[in-house]
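Structure first, then comments.
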Amino acid sequence: MILCGLLFPSCSLFAQTPVASTQIEGSDLDRQVRSFLQTEVAAHVADIKTLDPPPERVVGALTTGEFSWGSFMRTLGAYSRCFETKTIAGHDIPEMIGKMARIELSHGGKTWAQLYAAMALQSFGTDLNRNALWQSMTSEEREAYRELLNPGRFYDQKTHTLIHLPENYFGVAARIAAIDYQLGVTKDRAALDDLLNRAAKQFTDGALFADDALPTGRYDRYSNEYARAIYDAAELAGRQDIMKAVAPSLKEQMKLWWDLLSVDGYGYSWGRSLGAISYMDTMEIAAFLGVHSEFRPAPLSQLAAVYFAAWSWLQNDFNGQTHLLSVFAFGRGDYGYITKEREWQQTATFFGKVIAAHEIFMEVLAKEGVRSFPSRPKFSDVARFQYFRNDSGREFGVWVVRQGDLHFAVPFVTGPKAATSDYQPAPDGFTGIGVPVEKIYPCLVPFLELEDGRTIAAADGTDEIKPSSDGKNVTSVWRRWVVVGANAGVLVDPGLVSEVKWTLEGNTLRRKESLTASKSLSVRRLWLTIPSRYDHVETSYLEGARTDRLSSDGKTLAVQVKESSWPLEISAYATGNTRLGRGDRGALPLHLLIQTKSFTLMPGISAQWEISLSAY
C-alpha cells in the first residue's frame, strides 16, 4: 500500500460533489458579472501608470508575451461599448488603445493581436468619421493602425497560404479582413472575397470538422472555433454562400460540443485545451448560439446553465488578490507557447471574451423572455462515435460516452508531435483519469521499444475504426504506427497489428488489446501509464487477483489487469511538481505504471492483454 493523501491537495478543480440544481435569476448573474468586470478591469487600468514606455508588468504579471497589448485593446474597446464610457480609472480609453496599437506594431504583433485591435476599433462604431478611437488619432497614427490591421502580416495573398501557422488562423485572417472592410479601413472587395474563399475551403469542400494541420488529422477545440470564425466573417461580409456551406458543420459541431460538455462547463477534454480557455469557449459558444438559434443543440435555458457553470468556474479560478487567473497554479499544465510572459495576456483575453459574450447573451435572454435558468445543466445520456474523417486511408474521430455521472471521450486524432499525450486514444474524463499536458508519454496507450532503438505507438488516428451500433464499444485497428516524438503524420509499418477494443459495462471500462506480428519481433520494453487525478492508492489481492484502487474525496478508480500474455510489473509514481503531474485543470498526483521487458512476438501468434477501469 502507498498512501499519498498527505502529500498532495485533493483535486477539487476536476471533480466537485454534485449539488442540487437551483434557479438562477438572469438579473443576478448580470449584476455579478458586471460588478466583477468593473472592479477588475479598473484594477488593471489603474496599474498602468504610463504607456511610453510600456510597463513590463501589470498587476505583477509580465506583459511582454505575444498578443498581450492587443488582448487588452480588445478588452478596453468592449468595456467602453458595454458600459457606455470613454474612461476607466481616470484614463482615456481611446487614447490608451491608440498607444497600445503602436506598442503591438513595434513588437511585430500578428494574428490574434491584429484581430483584437480590429475588434477594439469596431467597438467604437462602424462609421470612422464618428468613431471616437479613429478620431483620436493623427493621420500618422491611423496609418500605423491600418498596418496593424493588415492580415498580410501572416497570410500570403499570392500563394493563398498562411505563414507557418495552423489552419485555424485562416479564420482569424478572415475575421480581420471582414472587419477591415466593414469599417472602410480597406476597400478592396475582391481581396476580401478571395481570402474568404480560401479560408472556408475545408467547409466548402464538404468537411464537417476542420483539420488544423492538414492532412495529419489534428482535430480539436479549434475546429469549432474555426467554423464560428468563418461564419462570423462571412456574415459580416454578406457572403450567404459561405454561410450556407459552413452551416452543416456548425450543426454537427455544436451537437458534439454539447455531448462533450462537463457539468462545470468544460468542453473539449483533449488537445490544446488550456483549462480556462475552454470555459471561455463555452461562454462564447453560448453567445453565438443565442444569436444563431438554428444551431442550438439544446434549449436556451440549458445553454444559460452551461454559461453560468463556465462563468462560475472562471470566477472561482480568478485570484482576487493578484487580479489574475490561476494559469500557473500548482498542477496546472499549459502548452509550451503559454509562457510566464503571457500570464497577463491570458487574463486580458478572459476579460475581453467575457465582456463580449455577456453583452450578447444577456440581450438574447431578455429578448426570448428567459428570466431564470437552472444552476446546473441537464444532459441526456449518450454513447456514440463521431467521425471526423474516414475517407483518406487513415480514420479520425471520437468516442464520446455519458452515462449518468460517468462521462469521457476517447479521441482518435493527431497531435503536434507523434503520440502527444493529450491527443492519444485514452478515456480522458473517465472518473479519476486525466493526462499531462503536451508530453510524449504513454497515457493508456502502450509504447513499445524495439530492438532497432525505435519506440512506436498505436496512435495518431487509426487504420480502421469499428464502433458498435449501440455505442457501448469501439474497436480500432493499427497496421501503421507512429515513431514516438517524431513529426506528426509520419506512419511506419513495423510488421505488427494492434487491435484494441474498448467496452463499457456499467461503471467499468475495459481495454483489450491483441498484438499480432507478421515476422519475429523483439521488444525491449512495453509500458503504459494510467495518470490519475487522485492522490491515494491502495493495492489488494483477492484469490491471486491484484486490484489497485486510486481514490480521493470519496471517489475511487479501481484498476485491474484481467489477463496478459506476459508477466507485468505494476508500480505507482508520485509526480510532485513535475510536468507529468500537470493536467489542463489541475494536478495528476499519482500515476500507475504497467510494464514488461524483453519479450518476442512470434509471427501469426496473437498476444493479448486486458485492463479494466471501474469507477465508484
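Lettering and numbering for the C-alpha cells are positional, with chains as A, B, ... in the shown order, residues counted from 1 in each chain, and ligands counted from 1 in the shown order.
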
Counting only C-alpha atoms, which residues in segment 150-192 of chain A sit no more than 12 Å from segment 226-234 of chain A? For each one, give the nearest pair of atoms and the distance in Å, sorted by chain then residue number, as a Markdown table.
| residue | atom | partner | partner_atom | distance |
| --- | --- | --- | --- | --- |
| A:Pro166 | CA | A:Tyr226 | CA | 10.7 |
| A:Glu167 | CA | A:Tyr226 | CA | 8.3 |
| A:Asn168 | CA | A:Tyr226 | CA | 5.2 |
| A:Tyr169 | CA | A:Tyr226 | CA | 7.9 |
| A:Phe170 | CA | A:Tyr226 | CA | 7.9 |
| A:Gly171 | CA | A:Ala229 | CA | 5.0 |
| A:Val172 | CA | A:Ala229 | CA | 6.8 |
| A:Ala173 | CA | A:Ala233 | CA | 9.2 |
| A:Ala174 | CA | A:Ala233 | CA | 5.8 |
| A:Arg175 | CA | A:Ala233 | CA | 4.8 |
| A:Ile176 | CA | A:Ala233 | CA | 8.1 |
| A:Ala177 | CA | A:Ala233 | CA | 8.0 |
| A:Ala178 | CA | A:Ala233 | CA | 5.5 |
| A:Ile179 | CA | A:Ala233 | CA | 7.8 |
| A:Asp180 | CA | A:Ala233 | CA | 10.7 |
| A:Tyr181 | CA | A:Ala233 | CA | 10.5 |
| A:Gln182 | CA | A:Ala233 | CA | 10.3 |
| A:Leu192 | CA | A:Ala233 | CA | 9.9 |

Could you dump the residues just selected with N, CA and C atoms as a compact mmCIF listing (two decimals), in the first residue's frame?
# COMPACT_ATOMS: atom_id res chain seq x y z
N PRO A 166 -1.08 27.12 -38.03
CA PRO A 166 -2.13 26.11 -38.22
C PRO A 166 -3.31 26.66 -39.01
N GLU A 167 -4.16 25.75 -39.48
CA GLU A 167 -5.28 26.09 -40.35
C GLU A 167 -6.28 27.05 -39.73
N ASN A 168 -6.47 26.97 -38.40
CA ASN A 168 -7.50 27.82 -37.78
C ASN A 168 -7.20 29.30 -37.96
N TYR A 169 -5.95 29.65 -38.26
CA TYR A 169 -5.60 31.06 -38.45
C TYR A 169 -6.19 31.64 -39.73
N PHE A 170 -6.68 30.77 -40.63
CA PHE A 170 -7.46 31.29 -41.75
C PHE A 170 -8.71 31.99 -41.21
N GLY A 171 -9.29 31.44 -40.16
CA GLY A 171 -10.46 32.07 -39.55
C GLY A 171 -10.13 33.42 -38.95
N VAL A 172 -8.96 33.53 -38.34
CA VAL A 172 -8.51 34.81 -37.78
C VAL A 172 -8.32 35.83 -38.90
N ALA A 173 -7.64 35.41 -39.97
CA ALA A 173 -7.40 36.32 -41.10
C ALA A 173 -8.72 36.78 -41.72
N ALA A 174 -9.67 35.85 -41.87
CA ALA A 174 -10.96 36.19 -42.47
C ALA A 174 -11.72 37.22 -41.63
N ARG A 175 -11.68 37.05 -40.31
CA ARG A 175 -12.39 37.99 -39.43
C ARG A 175 -11.75 39.38 -39.49
N ILE A 176 -10.42 39.42 -39.50
CA ILE A 176 -9.74 40.72 -39.61
C ILE A 176 -10.13 41.42 -40.90
N ALA A 177 -10.06 40.68 -42.02
CA ALA A 177 -10.36 41.27 -43.32
C ALA A 177 -11.81 41.74 -43.40
N ALA A 178 -12.73 40.97 -42.82
CA ALA A 178 -14.15 41.35 -42.87
C ALA A 178 -14.40 42.61 -42.05
N ILE A 179 -13.77 42.72 -40.89
CA ILE A 179 -13.93 43.92 -40.07
C ILE A 179 -13.29 45.12 -40.76
N ASP A 180 -12.10 44.90 -41.33
CA ASP A 180 -11.43 45.99 -42.07
C ASP A 180 -12.35 46.57 -43.15
N TYR A 181 -13.00 45.68 -43.89
CA TYR A 181 -13.86 46.13 -44.99
C TYR A 181 -15.12 46.80 -44.45
N GLN A 182 -15.67 46.25 -43.39
CA GLN A 182 -16.87 46.85 -42.79
C GLN A 182 -16.59 48.28 -42.34
N LEU A 192 -10.96 40.68 -50.23
CA LEU A 192 -11.73 40.10 -49.13
C LEU A 192 -12.40 38.81 -49.57

Could you give me, as a CSV table (one decimal) with C-alpha atoms, in the first residue's frame, the residues within 12 Å of Phe328 of chain A, counting only C-alpha atoms and dropping anything in the same chain fewer than 4 positions from it?
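result-v2.csv, freshly written:
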chain,number,residue,atom,x,y,z
A,61,ALA,CA,2.4,39.8,-14.4
A,274,LEU,CA,-5.7,25.3,-21.9
A,275,GLY,CA,-8.1,24.9,-18.9
A,276,ALA,CA,-9.6,28.4,-18.6
A,317,ASP,CA,-10.3,30.3,-10.7
A,318,PHE,CA,-9.7,34.0,-10.6
A,319,ASN,CA,-7.4,35.3,-7.8
A,324,LEU,CA,-5.2,37.2,-12.4
A,332,ARG,CA,-1.9,23.3,-13.9
A,333,GLY,CA,-0.3,22.4,-17.3
A,334,ASP,CA,-0.1,24.6,-20.3
A,335,TYR,CA,1.2,24.2,-23.9
A,338,ILE,CA,1.8,29.8,-22.8
A,339,THR,CA,4.8,31.2,-21.0
A,340,LYS,CA,5.0,33.5,-18.0
A,341,GLU,CA,5.4,36.3,-20.4
A,342,ARG,CA,1.8,35.7,-21.5
A,343,GLU,CA,0.3,35.4,-18.0
A,344,TRP,CA,-1.3,38.9,-18.2
A,346,GLN,CA,-4.4,35.2,-20.6
A,347,THR,CA,-6.3,37.3,-18.1
A,577,ASN,CA,5.6,19.4,-9.1
A,579,ARG,CA,5.3,18.3,-15.8
A,582,ARG,CA,0.2,18.9,-14.6
A,583,GLY,CA,-3.2,18.5,-16.2
A,584,ASP,CA,-5.2,21.0,-18.0
A,585,ARG,CA,-7.3,21.9,-14.9
A,586,GLY,CA,-5.3,20.6,-12.0
A,587,ALA,CA,-2.8,18.1,-10.6

Next item on the list: Would you please work out which residue, of A:Arg525, A:Lys501, A:Arg394, A:His107, is nearest to Ile456 of chain A when using only C-alpha atoms?
Entry: A:Arg525

Next item on the list: Considering only C-alpha atoms, return as a PyMOL selection string whatever protein or nucleic-acid residues lie within 10 Å of Gly604 of chain A, sequence-local ones (same chain, fewer than 5 positions apart) excluded.
Entry: chain A and resi 496+515-520

Can I get the selected residues back with all heavy atoms, as an mmCIF file, in the first residue's frame?
data_model
loop_
_atom_site.group_PDB
_atom_site.id
_atom_site.type_symbol
_atom_site.label_atom_id
_atom_site.label_comp_id
_atom_site.auth_asym_id
_atom_site.auth_seq_id
_atom_site.Cartn_x
_atom_site.Cartn_y
_atom_site.Cartn_z
ATOM 1 N N LEU A 496 3.520 -5.265 -37.502
ATOM 2 C CA LEU A 496 2.778 -5.553 -36.271
ATOM 3 C C LEU A 496 1.399 -4.918 -36.366
ATOM 4 O O LEU A 496 1.268 -3.759 -36.761
ATOM 5 C CB LEU A 496 3.533 -4.987 -35.065
ATOM 6 C CG LEU A 496 2.931 -5.203 -33.683
ATOM 7 C CD1 LEU A 496 2.868 -6.689 -33.344
ATOM 8 C CD2 LEU A 496 3.737 -4.438 -32.631
ATOM 9 N N LEU A 515 -1.915 -8.137 -30.069
ATOM 10 C CA LEU A 515 -0.789 -7.771 -30.911
ATOM 11 C C LEU A 515 -0.410 -8.973 -31.753
ATOM 12 O O LEU A 515 -0.126 -10.053 -31.214
ATOM 13 C CB LEU A 515 0.399 -7.326 -30.055
ATOM 14 C CG LEU A 515 0.222 -6.030 -29.249
ATOM 15 C CD1 LEU A 515 1.388 -5.832 -28.287
ATOM 16 C CD2 LEU A 515 0.102 -4.837 -30.181
ATOM 17 N N THR A 516 -0.391 -8.803 -33.067
ATOM 18 C CA THR A 516 -0.076 -9.902 -33.983
ATOM 19 C C THR A 516 1.018 -9.449 -34.947
ATOM 20 O O THR A 516 0.836 -8.496 -35.711
ATOM 21 C CB THR A 516 -1.319 -10.333 -34.781
ATOM 22 O OG1 THR A 516 -2.393 -10.613 -33.889
ATOM 23 C CG2 THR A 516 -1.011 -11.577 -35.598
ATOM 24 N N ALA A 517 2.149 -10.150 -34.897
ATOM 25 C CA ALA A 517 3.284 -9.801 -35.741
ATOM 26 C C ALA A 517 3.282 -10.640 -37.006
ATOM 27 O O ALA A 517 2.856 -11.796 -37.013
ATOM 28 C CB ALA A 517 4.586 -10.001 -34.973
ATOM 29 N N SER A 518 3.768 -10.055 -38.094
ATOM 30 C CA SER A 518 3.892 -10.797 -39.355
ATOM 31 C C SER A 518 5.279 -11.421 -39.496
ATOM 32 O O SER A 518 5.528 -12.196 -40.416
ATOM 33 C CB SER A 518 3.628 -9.862 -40.538
ATOM 34 O OG SER A 518 4.552 -8.782 -40.544
ATOM 35 N N LYS A 519 6.173 -11.059 -38.581
ATOM 36 C CA LYS A 519 7.516 -11.626 -38.534
ATOM 37 C C LYS A 519 7.962 -11.604 -37.076
ATOM 38 O O LYS A 519 7.357 -10.932 -36.238
ATOM 39 C CB LYS A 519 8.469 -10.798 -39.395
ATOM 40 C CG LYS A 519 8.553 -9.335 -38.977
ATOM 41 C CD LYS A 519 9.420 -8.509 -39.914
ATOM 42 C CE LYS A 519 9.438 -7.042 -39.464
ATOM 43 N NZ LYS A 519 10.261 -6.205 -40.368
ATOM 44 N N SER A 520 8.995 -12.354 -36.768
ATOM 45 C CA SER A 520 9.505 -12.359 -35.403
ATOM 46 C C SER A 520 9.939 -10.944 -35.017
ATOM 47 O O SER A 520 10.696 -10.293 -35.743
ATOM 48 C CB SER A 520 10.686 -13.327 -35.288
ATOM 49 O OG SER A 520 11.172 -13.328 -33.965
#

Note to self: Just to confirm, what's the straight-line distance from atom CA of Ser598 of chain A to atom CA of Val437 of chain A in Å (one decimal)?
What the structure shows: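 Interatomic distance, atom CA of Ser598 of chain A to atom CA of Val437 of chain A: 29.6 Å.
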
Ile355 of chain A surroundings by only C-alpha atoms, 8 Å radius, close-in-sequence under 5 positions cut, as a PDB file with all heavy atoms, in the first residue's frame:
ATOM      1  N   LEU A  37     -16.394  42.763 -13.549  1.00  0.00           N
ATOM      2  CA  LEU A  37     -15.645  43.395 -14.630  1.00  0.00           C
ATOM      3  C   LEU A  37     -15.277  44.832 -14.288  1.00  0.00           C
ATOM      4  O   LEU A  37     -14.151  45.278 -14.566  1.00  0.00           O
ATOM      5  CB  LEU A  37     -16.464  43.353 -15.919  1.00  0.00           C
ATOM      6  CG  LEU A  37     -16.661  41.958 -16.535  1.00  0.00           C
ATOM      7  CD1 LEU A  37     -17.700  42.002 -17.641  1.00  0.00           C
ATOM      8  CD2 LEU A  37     -15.332  41.419 -17.077  1.00  0.00           C
ATOM      9  N   THR A  75     -10.203  44.249 -24.790  1.00  0.00           N
ATOM     10  CA  THR A  75     -10.922  44.388 -23.523  1.00  0.00           C
ATOM     11  C   THR A  75     -11.410  45.815 -23.320  1.00  0.00           C
ATOM     12  O   THR A  75     -12.571  46.048 -22.957  1.00  0.00           O
ATOM     13  CB  THR A  75     -10.005  43.975 -22.352  1.00  0.00           C
ATOM     14  OG1 THR A  75      -9.783  42.564 -22.402  1.00  0.00           O
ATOM     15  CG2 THR A  75     -10.622  44.328 -21.012  1.00  0.00           C
ATOM     16  N   ALA A  78     -14.278  46.677 -25.806  1.00  0.00           N
ATOM     17  CA  ALA A  78     -15.521  46.011 -25.430  1.00  0.00           C
ATOM     18  C   ALA A  78     -16.107  46.626 -24.161  1.00  0.00           C
ATOM     19  O   ALA A  78     -17.325  46.815 -24.035  1.00  0.00           O
ATOM     20  CB  ALA A  78     -15.269  44.515 -25.228  1.00  0.00           C
ATOM     21  N   TYR A  79     -15.245  46.957 -23.218  1.00  0.00           N
ATOM     22  CA  TYR A  79     -15.703  47.578 -21.967  1.00  0.00           C
ATOM     23  C   TYR A  79     -16.353  48.934 -22.243  1.00  0.00           C
ATOM     24  O   TYR A  79     -17.409  49.261 -21.707  1.00  0.00           O
ATOM     25  CB  TYR A  79     -14.516  47.740 -21.020  1.00  0.00           C
ATOM     26  CG  TYR A  79     -14.876  48.217 -19.629  1.00  0.00           C
ATOM     27  CD1 TYR A  79     -14.994  47.325 -18.577  1.00  0.00           C
ATOM     28  CD2 TYR A  79     -15.097  49.573 -19.364  1.00  0.00           C
ATOM     29  CE1 TYR A  79     -15.318  47.765 -17.296  1.00  0.00           C
ATOM     30  CE2 TYR A  79     -15.421  50.025 -18.106  1.00  0.00           C
ATOM     31  CZ  TYR A  79     -15.536  49.110 -17.074  1.00  0.00           C
ATOM     32  OH  TYR A  79     -15.874  49.538 -15.804  1.00  0.00           O
ATOM     33  N   CYS A  82     -19.776  48.290 -23.777  1.00  0.00           N
ATOM     34  CA  CYS A  82     -20.716  47.642 -22.864  1.00  0.00           C
ATOM     35  C   CYS A  82     -21.168  48.586 -21.751  1.00  0.00           C
ATOM     36  O   CYS A  82     -22.352  48.639 -21.420  1.00  0.00           O
ATOM     37  CB  CYS A  82     -20.064  46.395 -22.271  1.00  0.00           C
ATOM     38  SG  CYS A  82     -21.116  45.458 -21.125  1.00  0.00           S
TER      39      CYS A  82
END
